[in-house]
Amino acid sequence: MTDWLDVLNPREWATVTWIAIALFAGIRFAGFGGGMIRIVKAPLQPKLIAVFGTATAYSALCVWGLSELGWWMLPI
């Protein structure tokens, strides 16, 4: 059984720490919290979802089509 601290490398732990600090600050300071909510809601706008969803679908279709032709190797 691996130690639970060894699951993430130091860079990932730093990212987790900064996210935790940002969330704590968003909860702790009232003026900052409203901004945090808007930041979280921003990527969920229908226009952005449509753009990124279309780009994802196009990329997946290209990879699938090229793999069917034998020009794209899926296994790493």
# chains A, B, ... in the order shown; residues from 1 in each chain; ligands from 1
>>> select_by_dssp(residues="chain A", states="helix (DSSP H, G or I)", output="PyMOL selection string")
chain A and resi 4-6+10-28+30-44+46-69
>>> atom_distance(atom1="CA of Ala25 (chain A)", atom2="CA of Leu48 (chain A)")
26.8 Å
